[in-house]
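Everything below belongs to start01.cif, which stores mmCIF, C-alpha atoms.
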data_query
loop_
_atom_site.label_atom_id
_atom_site.label_comp_id
_atom_site.auth_asym_id
_atom_site.auth_seq_id
_atom_site.Cartn_x
_atom_site.Cartn_y
_atom_site.Cartn_z
CA MET A 7 113.25 69.86 90.98
CA ASN A 8 110.67 68.34 88.63
CA GLN A 9 107.00 68.74 89.42
CA GLN A 10 104.22 66.43 88.27
CA ILE A 11 101.02 68.25 87.29
CA TYR A 12 97.76 66.32 87.18
CA PHE A 13 94.41 67.43 85.80
CA GLU A 14 90.98 66.16 86.81
CA LYS A 15 91.15 63.37 84.24
CA ASP A 16 94.39 62.20 85.88
CA ILE A 17 92.99 61.64 89.39
CA VAL A 18 93.40 57.86 89.11
CA SER A 19 97.09 58.32 88.29
CA LEU A 20 97.55 60.59 91.30
CA THR A 21 95.74 58.09 93.51
CA ASP A 22 98.08 55.36 92.29
CA GLU A 23 101.05 57.61 93.19
CA VAL A 24 99.67 58.18 96.69
CA ASN A 25 99.12 54.45 97.16
CA ARG A 26 102.72 53.89 96.11
CA LEU A 27 103.85 56.28 98.86
CA CYS A 28 101.84 54.26 101.43
CA PRO A 29 101.36 57.21 103.81
CA LYS A 30 100.38 56.36 107.37
CA THR A 31 99.71 59.97 108.40
CA ILE A 32 98.70 62.79 106.06
CA LEU A 33 98.63 66.44 107.06
CA VAL A 34 95.86 68.33 105.24
CA VAL A 35 96.27 72.12 105.28
CA THR A 36 93.03 73.91 104.40
CA GLY A 37 91.27 77.24 104.51
CA SER A 38 88.85 77.71 107.39
CA SER A 39 85.56 78.71 105.75
CA SER A 40 86.13 77.62 102.16
CA TYR A 41 86.99 73.98 102.82
CA GLU A 42 83.48 72.60 102.58
CA ALA A 43 81.96 75.30 100.37
CA SER A 44 84.46 74.79 97.54
CA GLY A 45 84.00 71.02 97.39
CA ALA A 46 87.47 70.49 98.82
CA LYS A 47 86.21 68.37 101.72
CA SER A 48 84.40 65.97 99.38
CA LEU A 49 87.52 65.65 97.25
CA ILE A 50 89.78 64.96 100.24
CA ASP A 51 87.33 62.38 101.57
CA GLU A 52 87.28 60.70 98.17
CA LEU A 53 91.04 60.68 97.63
CA PHE A 54 92.42 60.22 101.14
CA GLY A 55 89.52 59.09 103.35
CA GLU A 56 91.09 55.72 104.05
CA TYR A 57 94.21 57.28 105.58
CA ASN A 58 94.89 58.85 108.97
CA LEU A 59 94.31 62.56 108.35
CA LEU A 60 95.43 65.50 110.48
CA PHE A 61 94.02 68.95 109.66
CA PHE A 62 95.46 72.42 110.11
CA SER A 63 93.62 75.64 109.25
CA ASP A 64 94.40 77.93 112.17
CA PHE A 65 95.99 80.85 110.29
CA SER A 66 95.12 84.13 108.60
CA VAL A 67 94.59 85.02 104.95
CA ASN A 68 98.06 86.58 105.14
CA PRO A 69 99.88 83.95 107.26
CA LYS A 70 101.75 85.28 110.29
CA LEU A 71 104.97 83.90 111.76
CA GLU A 72 103.34 83.15 115.11
CA GLU A 73 100.67 81.09 113.33
CA LEU A 74 103.39 79.10 111.61
CA GLU A 75 105.12 78.59 114.97
CA ASN A 76 101.88 77.33 116.51
CA GLY A 77 101.35 74.89 113.67
CA ILE A 78 104.87 73.53 113.87
CA ALA A 79 104.60 73.14 117.65
CA LYS A 80 101.49 70.98 117.24
CA LEU A 81 103.19 68.79 114.63
CA GLN A 82 106.74 68.68 115.96
CA ASP A 83 106.54 65.16 117.39
CA ILE A 84 104.34 63.67 114.67
CA GLU A 85 105.86 61.73 111.81
CA LEU A 86 104.22 62.96 108.61
CA ASP A 87 104.30 60.85 105.46
CA LEU A 88 102.49 63.25 103.12
CA ILE A 89 101.32 66.87 103.14
CA VAL A 90 98.29 67.97 101.12
CA ALA A 91 97.41 71.65 100.75
CA ILE A 92 93.96 72.42 99.37
CA GLY A 93 92.95 76.06 99.19
CA GLY A 94 94.16 79.41 97.91
CA GLY A 95 97.67 80.80 97.78
CA SER A 96 97.92 81.45 101.52
CA VAL A 97 96.94 77.86 102.30
CA ILE A 98 99.55 76.49 99.93
CA ASP A 99 102.17 78.90 101.28
CA MET A 100 101.47 77.83 104.87
CA ALA A 101 101.82 74.17 103.87
CA LYS A 102 105.14 74.95 102.18
CA LEU A 103 106.40 76.66 105.33
CA ILE A 104 105.31 73.85 107.64
CA ARG A 105 106.99 71.34 105.37
CA CYS A 106 110.20 73.38 105.42
CA TYR A 107 110.45 73.79 109.18
CA VAL A 108 108.64 70.92 110.90
CA GLY A 109 111.11 68.54 112.50
CA HIS A 110 113.85 71.18 112.59
CA HIS A 111 114.72 73.09 115.74
CA ILE A 112 115.30 76.50 114.19
CA VAL A 113 114.63 80.05 115.37
CA LEU A 114 112.07 80.96 112.73
CA THR A 115 112.36 84.75 112.89
CA GLY A 116 116.02 84.81 111.90
CA SER A 117 115.63 82.01 109.39
CA VAL A 118 112.72 83.67 107.57
CA LYS A 119 114.27 87.15 107.55
CA ALA A 120 117.56 85.81 106.18
CA ASN A 121 115.86 83.32 103.82
CA ARG A 122 117.75 80.42 105.37
CA VAL A 123 115.47 77.42 105.01
CA PRO A 124 116.30 73.73 105.44
CA HIS A 125 116.96 72.43 101.94
CA GLU A 126 116.15 68.79 102.54
CA GLN A 127 112.42 68.20 102.07
CA LYS A 128 111.64 64.65 103.13
CA VAL A 129 107.85 64.79 103.14
CA PRO A 130 106.10 64.53 99.74
CA PHE A 131 103.74 67.41 99.05
CA ILE A 132 100.57 67.69 96.94
CA ALA A 133 99.13 71.16 96.20
CA ILE A 134 95.50 71.49 95.10
CA PRO A 135 94.45 75.10 94.42
CA THR A 136 90.85 76.19 94.93
CA THR A 137 91.41 79.66 93.46
CA ALA A 138 92.84 80.56 90.05
CA GLY A 139 95.40 83.25 90.63
CA SER A 140 98.38 82.97 92.95
CA GLY A 141 100.12 80.14 91.10
CA SER A 142 101.61 79.15 94.46
CA GLU A 143 101.13 75.49 93.59
CA SER A 144 103.92 75.82 91.01
CA THR A 145 106.36 78.21 92.68
CA HIS A 146 109.34 77.59 94.93
CA PHE A 147 108.67 80.43 97.36
CA ALA A 148 106.27 81.15 100.21
CA VAL A 149 105.13 84.33 101.94
CA VAL A 150 104.83 84.90 105.68
CA TYR A 151 104.34 88.12 107.65
CA VAL A 152 106.73 88.97 110.49
CA GLU A 153 105.65 91.87 112.72
CA GLY A 154 103.46 93.22 109.94
CA SER A 155 106.14 93.06 107.24
CA LYS A 156 105.99 90.60 104.35
CA TYR A 157 108.88 88.17 103.87
CA SER A 158 109.36 85.56 101.19
CA VAL A 159 111.44 82.43 101.64
CA SER A 160 112.60 80.62 98.55
CA HIS A 161 114.53 77.57 97.47
CA PRO A 162 114.03 75.08 94.62
CA THR A 163 113.15 72.31 97.11
CA ILE A 164 110.11 74.29 98.34
CA LEU A 165 108.30 73.52 95.08
CA PRO A 166 105.44 71.01 95.68
CA ASN A 167 106.10 67.56 94.25
CA TYR A 168 102.61 67.18 92.79
CA VAL A 169 99.87 69.55 91.64
CA LEU A 170 96.24 68.63 91.03
CA LEU A 171 94.24 71.18 88.98
CA ILE A 172 90.47 70.81 89.28
CA PRO A 173 88.67 73.89 87.91
CA SER A 174 85.34 72.91 89.44
CA LEU A 175 86.79 73.76 92.87
CA THR A 176 86.71 77.42 91.76
CA TYR A 177 83.12 77.41 90.45
CA GLY A 178 81.66 78.64 93.74
CA ASN A 179 84.15 81.48 94.18
CA PRO A 180 82.33 84.85 94.39
CA PRO A 181 82.92 87.42 91.62
CA TYR A 182 85.25 89.68 93.61
CA LEU A 183 87.50 86.79 94.69
CA THR A 184 87.57 85.56 91.10
CA ALA A 185 88.53 89.05 89.91
CA CYS A 186 91.27 89.44 92.53
CA SER A 187 92.74 86.01 91.82
CA GLY A 188 92.58 86.43 88.07
CA ALA A 189 94.06 89.94 88.17
CA ASP A 190 96.95 88.60 90.24
CA ALA A 191 97.60 85.91 87.62
CA LEU A 192 97.42 88.38 84.73
CA CYS A 193 99.79 90.80 86.47
CA GLN A 194 102.16 87.93 87.26
CA ALA A 195 102.23 86.92 83.61
CA ILE A 196 102.84 90.48 82.39
CA GLU A 197 105.52 91.19 84.99
CA SER A 198 107.25 87.88 84.33
CA TYR A 199 107.39 88.78 80.65
CA TRP A 200 109.33 92.00 81.25
CA SER A 201 111.30 90.83 84.33
CA VAL A 202 115.07 91.11 84.09
CA GLN A 203 115.18 87.44 85.15
CA SER A 204 112.88 86.25 82.36
CA THR A 205 113.96 83.40 80.14
CA GLU A 206 112.55 82.07 76.89
CA GLU A 207 110.82 79.32 78.87
CA SER A 208 109.26 81.71 81.41
CA ARG A 209 108.08 84.01 78.62
CA ASP A 210 106.56 81.01 76.85
CA PHE A 211 104.49 80.26 79.97
CA ALA A 212 103.45 83.93 80.07
CA ARG A 213 102.57 83.87 76.36
CA GLN A 214 100.16 81.05 77.09
CA ALA A 215 98.68 82.74 80.16
CA ILE A 216 98.13 86.33 79.00
CA PRO A 217 95.70 85.78 76.08
CA LEU A 218 93.64 83.27 78.06
CA LEU A 219 93.27 85.58 81.04
CA TRP A 220 92.59 88.64 78.88
CA GLN A 221 89.87 86.83 76.95
CA HIS A 222 88.25 84.62 79.59
CA LEU A 223 88.60 86.36 82.99
CA PRO A 224 85.60 88.71 82.43
CA GLN A 225 83.41 85.67 81.68
CA ALA A 226 84.86 83.65 84.56
CA ILE A 227 83.68 86.40 86.91
CA LYS A 228 80.17 85.76 85.57
CA ASN A 229 80.64 82.10 86.54
CA ASN A 230 80.97 80.71 83.03
CA SER A 231 82.40 77.26 83.72
CA GLU A 232 84.37 76.96 80.49
CA ALA A 233 85.94 80.36 81.15
CA ARG A 234 86.84 79.27 84.69
CA ASN A 235 88.55 76.18 83.25
CA LYS A 236 90.68 78.36 80.97
CA VAL A 237 91.52 80.79 83.76
CA MET A 238 92.73 78.04 86.10
CA PHE A 239 95.07 76.67 83.43
CA ALA A 240 96.32 80.20 82.67
CA ALA A 241 96.89 80.97 86.36
CA ASN A 242 99.07 77.89 86.67
CA MET A 243 101.05 79.00 83.59
CA ALA A 244 101.54 82.42 85.21
CA GLY A 245 102.77 80.74 88.38
CA ARG A 246 105.24 78.65 86.42
CA ALA A 247 106.44 81.84 84.71
CA ILE A 248 107.19 83.73 87.94
CA ASN A 249 108.77 80.61 89.41
CA THR A 250 111.71 81.52 87.14
CA SER A 251 111.37 85.25 86.62
CA PHE A 252 109.90 86.45 89.93
CA THR A 253 107.64 89.50 89.99
CA THR A 254 108.57 93.16 89.59
CA ALA A 255 107.50 96.68 90.56
CA ALA A 256 103.70 96.31 90.59
CA HIS A 257 103.89 93.37 92.98
CA ALA A 258 106.54 95.09 95.09
CA TYR A 259 104.25 98.07 95.56
CA SER A 260 101.09 96.00 96.11
CA TYR A 261 102.04 94.56 99.48
CA GLY A 262 102.03 98.02 101.06
CA LEU A 263 98.59 98.73 99.60
CA THR A 264 97.31 95.57 101.26
CA THR A 265 98.97 96.40 104.58
CA TYR A 266 98.13 100.11 104.79
CA ALA A 267 94.93 100.44 102.73
CA GLY A 268 93.42 96.96 103.13
CA VAL A 269 93.19 96.33 99.39
CA PRO A 270 93.26 92.56 98.62
CA HIS A 271 96.48 91.47 96.96
CA GLY A 272 95.38 90.79 93.37
CA HIS A 273 93.34 93.97 93.26
CA ALA A 274 96.24 95.93 94.76
CA VAL A 275 98.64 94.75 92.05
CA SER A 276 96.24 95.75 89.29
CA LEU A 277 96.00 99.33 90.56
CA THR A 278 99.59 100.13 89.58
CA LEU A 279 100.21 97.67 86.74
CA PRO A 280 99.16 100.22 84.06
CA TYR A 281 101.45 102.86 85.61
CA PHE A 282 104.48 100.57 85.59
CA PHE A 283 103.61 99.35 82.10
CA ASP A 284 103.85 102.96 80.93
CA LEU A 285 107.05 103.54 82.91
CA ASN A 286 108.72 100.48 81.38
CA MET A 287 107.92 101.66 77.86
CA LYS A 288 110.09 104.71 78.61
CA VAL A 289 113.23 102.58 78.80
CA VAL A 290 116.50 104.20 77.72
CA GLN A 291 120.10 103.19 78.24
CA ASP A 292 120.50 105.24 81.43
CA ASN A 293 117.47 103.78 83.25
CA CYS A 294 117.66 100.18 81.98
CA ASN A 295 118.03 97.49 84.66
CA ASP A 296 118.23 94.58 82.22
CA VAL A 297 121.75 93.53 81.23
CA ARG A 298 120.34 92.45 77.87
CA GLY A 299 119.90 96.13 77.06
CA GLU A 300 117.23 98.67 76.24
CA GLY A 301 116.63 97.13 72.82
CA PHE A 302 115.72 93.81 74.42
CA VAL A 303 113.31 95.53 76.81
CA ARG A 304 111.72 97.55 74.00
CA GLU A 305 111.16 94.36 72.03
CA ARG A 306 109.45 92.66 74.97
CA MET A 307 107.27 95.70 75.63
CA GLY A 308 106.32 95.78 71.95
CA GLU A 309 105.20 92.16 72.16
CA LEU A 310 103.06 92.99 75.20
CA LEU A 311 101.44 95.86 73.30
CA HIS A 312 100.59 93.36 70.58
CA PHE A 313 98.96 91.00 73.11
CA PHE A 314 96.61 93.79 74.18
CA ASN A 315 96.12 95.23 70.70
CA CYS A 316 97.11 98.71 71.86
CA THR A 317 99.78 101.37 71.30
CA GLU A 318 102.16 103.11 73.68
CA LYS A 319 99.70 106.00 73.90
CA THR A 320 96.67 103.81 74.64
CA ALA A 321 98.25 101.15 76.89
CA ILE A 322 97.34 102.79 80.21
CA GLU A 323 93.78 103.38 79.09
CA VAL A 324 93.33 99.84 77.73
CA LEU A 325 94.73 98.13 80.83
CA SER A 326 92.93 100.43 83.26
CA SER A 327 89.66 99.89 81.43
CA PHE A 328 90.07 96.11 81.66
CA PHE A 329 90.64 96.20 85.42
CA GLN A 330 87.80 98.68 85.90
CA GLY A 331 85.58 96.26 84.02
CA ILE A 332 86.35 93.28 86.23
CA PHE A 333 86.29 95.16 89.55
CA GLY A 334 83.52 97.69 88.91
CA GLU A 335 82.59 99.86 91.89
CA LYS A 336 85.12 98.12 94.11
CA ASN A 337 87.86 99.60 91.95
CA ASP A 338 86.73 103.14 92.80
CA GLU A 339 86.35 102.20 96.47
CA ALA A 340 89.91 100.86 96.59
CA LYS A 341 91.41 103.95 94.97
CA ASN A 342 89.52 106.21 97.35
CA ARG A 343 91.23 104.50 100.30
CA ILE A 344 94.69 105.48 99.09
CA THR A 345 95.41 108.87 100.68
CA ASP A 346 98.61 110.86 100.14
CA TYR A 347 99.76 109.71 103.58
CA ILE A 348 99.19 106.04 102.74
CA GLN A 349 100.97 106.46 99.42
CA LYS A 350 104.06 107.79 101.21
CA GLN A 351 103.89 104.91 103.70
CA VAL A 352 103.69 102.40 100.88
CA ALA A 353 106.53 104.03 98.94
CA SER A 354 108.77 103.69 102.00
CA SER A 355 107.94 100.01 102.48
CA VAL A 356 108.57 98.69 98.97
CA ASN A 357 110.77 95.59 98.61
CA LEU A 358 113.89 96.87 96.81
CA GLN A 359 114.83 93.40 95.51
CA ARG A 360 111.59 93.18 93.54
CA LEU A 361 112.24 96.67 92.15
CA GLN A 362 115.59 95.45 90.84
CA ASN A 363 113.69 92.84 88.81
CA ASN A 364 111.89 95.64 86.99
CA PRO A 365 113.40 96.39 83.55
CA VAL A 366 113.40 100.15 84.22
CA LYS A 367 114.91 101.66 87.36
CA VAL A 368 112.20 102.87 89.75
CA THR A 369 112.97 105.82 92.01
CA LYS A 370 111.31 106.81 95.26
CA GLU A 371 109.91 109.79 93.38
CA ASP A 372 108.33 107.41 90.86
CA LEU A 373 106.66 105.54 93.73
CA GLU A 374 105.38 108.70 95.41
CA ASN A 375 103.98 110.08 92.16
CA ILE A 376 101.96 107.05 91.07
CA LYS A 377 98.63 108.01 89.58
CA PHE A 378 95.99 105.38 90.24
CA GLN A 379 94.17 105.07 86.95
#

Please express what this file holds, its structure, as structure tokens.
Amino acid sequence: MNQQIYFEKDIVSLTDEVNRLCPKTILVVTGSSSYEASGAKSLIDELFGEYNLLFFSDFSVNPKLEELENGIAKLQDIELDLIVAIGGGSVIDMAKLIRCYVGHHIVLTGSVKANRVPHEQKVPFIAIPTTAGSGSESTHFAVVYVEGSKYSVSHPTILPNYVLLIPSLTYGNPPYLTACSGADALCQAIESYWSVQSTEESRDFARQAIPLLWQHLPQAIKNNSEARNKVMFAANMAGRAINTSFTTAAHAYSYGLTTYAGVPHGHAVSLTLPYFFDLNMKVVQDNCNDVRGEGFVRERMGELLHFFNCTEKTAIEVLSSFFQGIFGEKNDEAKNRITDYIQKQVASSVNLQRLQNNPVKVTKEDLENIKFQ
């Protein structure tokens, strides 16, 4: 499915496209507290104020199945002509899920757990991110939590039809949110580069994202507007990369850190990215997951070392230092929350499918022995 991406200068073109659709009723999915503060409300009023708008924001930062069920129940008998999601990754994911299931009489628990989603998406969908990190606006999967466990549904038709990237919507994001979002994007780009499902196209997206995030994220945290512009573009590139390659071990491990230790997602991923970077550099024939062979993996890892201007021996230190720099004291606080008990809990909860995307086989012992740099 092709996706049309618009930038701020293209708003008139997007407005023309909406007018062509002639929507009678538009569902706007938003965050609860950030909607006005980010400037999202003013933008929605400007773009869609003349239409009949319905709003939905009654869900958590990590959307739960029962919240999805409540949303669908409220909308079941309403004919929607357009869905607009404006917010962070969870907002966009919730809009994707509503779009998938509204109008269908399906038992959601079984459908989500088995990744059986209706493939016919009749309602056009515009995604407008207000954070620069998840890349959800350009991916064909969505996350929802069922009884405390994270599930991801995916299908090419889940991809939003249109994306509008407006960096100024991120200008008011506090430093820690900016760091978490940006770290998520950087880890996505790195993991997509070494993923066993990577392609030349996905690696090209990652090649665009990694240098921009590495150079500009520290300044974006200090609210440099030009840096924030670069980071939003890079985050979208990272999202487009994982749309093909999916994520790998660091992301697989991160969800447990969020569940059991309360570490926000992007920060959680960054805590183990240096460890898995080092593990993947130890690729040999016997532990290689990639059918393209250990030589292919070594070449990709060598290119990543070049991006960060480091060697095999200094990679952990260089990456850990970068994340320490953007998170500061919160990095130490997060690591202090991870007890031996929590680490065992997390190791037992890791998504095995994401581990299979990792270029080097990861054992339970590897997971239990992670050193948080």

Counting all atoms listed in the file, what are the residues of region 164-251 of chain A within 12 Å of region 85-89 of chain A, and for each of them which pair of atoms is the nearest and at what distance in Å, to one decimal? Sort the table by chain and rising number, as a tab-separated table.
residue	atom	partner	partner_atom	distance
A:Pro166	CA	A:Ile89	CA	9.5
A:Asn167	CA	A:Ile89	CA	10.1
A:Tyr168	CA	A:Ile89	CA	10.4
A:Val169	CA	A:Ile89	CA	11.9

>> I'd like to know which of A:Phe54, A:Phe313, A:Tyr107, A:Phe333 is closest to Glu75 (chain A), using all atoms listed in the file.
In response: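 That would be A:Tyr107, the residue with the smallest distance to Glu75 (chain A).
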
> So which residues get picked by the PyMOL selection byres ((chain A and resi 194) around 8) here, written as a PyMOL selection string?
Replying inline: chain A and resi 190-193+195-198+244-245+247-248+253

> Between A:Gln10, A:Asn295, A:Pro224, A:Lys80, which has the minimum distance to Gly334 (chain A) (counting all atoms listed in the file)?
Replying inline: A:Pro224

Centre and edge lengths of an axis-aligned box around all listed atoms of region 138-143 of chain A, with 4 Å added on each side, are to be given in Å to one decimal, as AutoDock Vina command-line options.
--center_x 97.2 --center_y 79.4 --center_z 92.3 --size_x 16.8 --size_y 15.8 --size_z 12.4

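Using only C-alpha atoms, the smallest distance between any of A:Glu305, A:Asp292, A:Asp346, A:Glu143 and Gln9 (chain A) comes from A:Glu143.
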
> What does the PyMOL selection byres ((chain A and resi 208) around 9) select in this file, as a ChimeraX atom specification?
Replying inline: /A:198-199,204-207,209-213,243-244,246-251

Take the residues from that selection and put them in a file with C-alpha atoms, as an mmCIF file, in the coordinates of the input.
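Saved result, result.cif, follows:
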data_model
loop_
_atom_site.group_PDB
_atom_site.id
_atom_site.type_symbol
_atom_site.label_atom_id
_atom_site.label_comp_id
_atom_site.auth_asym_id
_atom_site.auth_seq_id
_atom_site.Cartn_x
_atom_site.Cartn_y
_atom_site.Cartn_z
ATOM 1 C CA SER A 198 107.250 87.880 84.330
ATOM 2 C CA TYR A 199 107.390 88.780 80.650
ATOM 3 C CA SER A 204 112.880 86.250 82.360
ATOM 4 C CA THR A 205 113.960 83.400 80.140
ATOM 5 C CA GLU A 206 112.550 82.070 76.890
ATOM 6 C CA GLU A 207 110.820 79.320 78.870
ATOM 7 C CA ARG A 209 108.080 84.010 78.620
ATOM 8 C CA ASP A 210 106.560 81.010 76.850
ATOM 9 C CA PHE A 211 104.490 80.260 79.970
ATOM 10 C CA ALA A 212 103.450 83.930 80.070
ATOM 11 C CA ARG A 213 102.570 83.870 76.360
ATOM 12 C CA MET A 243 101.050 79.000 83.590
ATOM 13 C CA ALA A 244 101.540 82.420 85.210
ATOM 14 C CA ARG A 246 105.240 78.650 86.420
ATOM 15 C CA ALA A 247 106.440 81.840 84.710
ATOM 16 C CA ILE A 248 107.190 83.730 87.940
ATOM 17 C CA ASN A 249 108.770 80.610 89.410
ATOM 18 C CA THR A 250 111.710 81.520 87.140
ATOM 19 C CA SER A 251 111.370 85.250 86.620
#

>> If we count only C-alpha atoms and set the cut-off at 8 Å, which residues sit around Ala226 (chain A), ignoring sequence neighbours fewer than 5 positions away in its own chain? Please answer as a ChimeraX atom specification.
In response: /A:184,231-234,237

Please, could you write that set of residues out with C-alpha atoms as a tab-separated table (two decimals), keeping the file's coordinate frame?
chain	number	residue	atom	x	y	z
A	184	THR	CA	87.57	85.56	91.10
A	231	SER	CA	82.40	77.26	83.72
A	232	GLU	CA	84.37	76.96	80.49
A	233	ALA	CA	85.94	80.36	81.15
A	234	ARG	CA	86.84	79.27	84.69
A	237	VAL	CA	91.52	80.79	83.76

>> Env of Trp200 (chain A): 8 Å cut, atoms = all atoms listed in the file, seq-sep filter 5 positions within chain, self excluded. Answer as a PyMOL selection string.
In response: chain A and resi 303+306-307+364-365
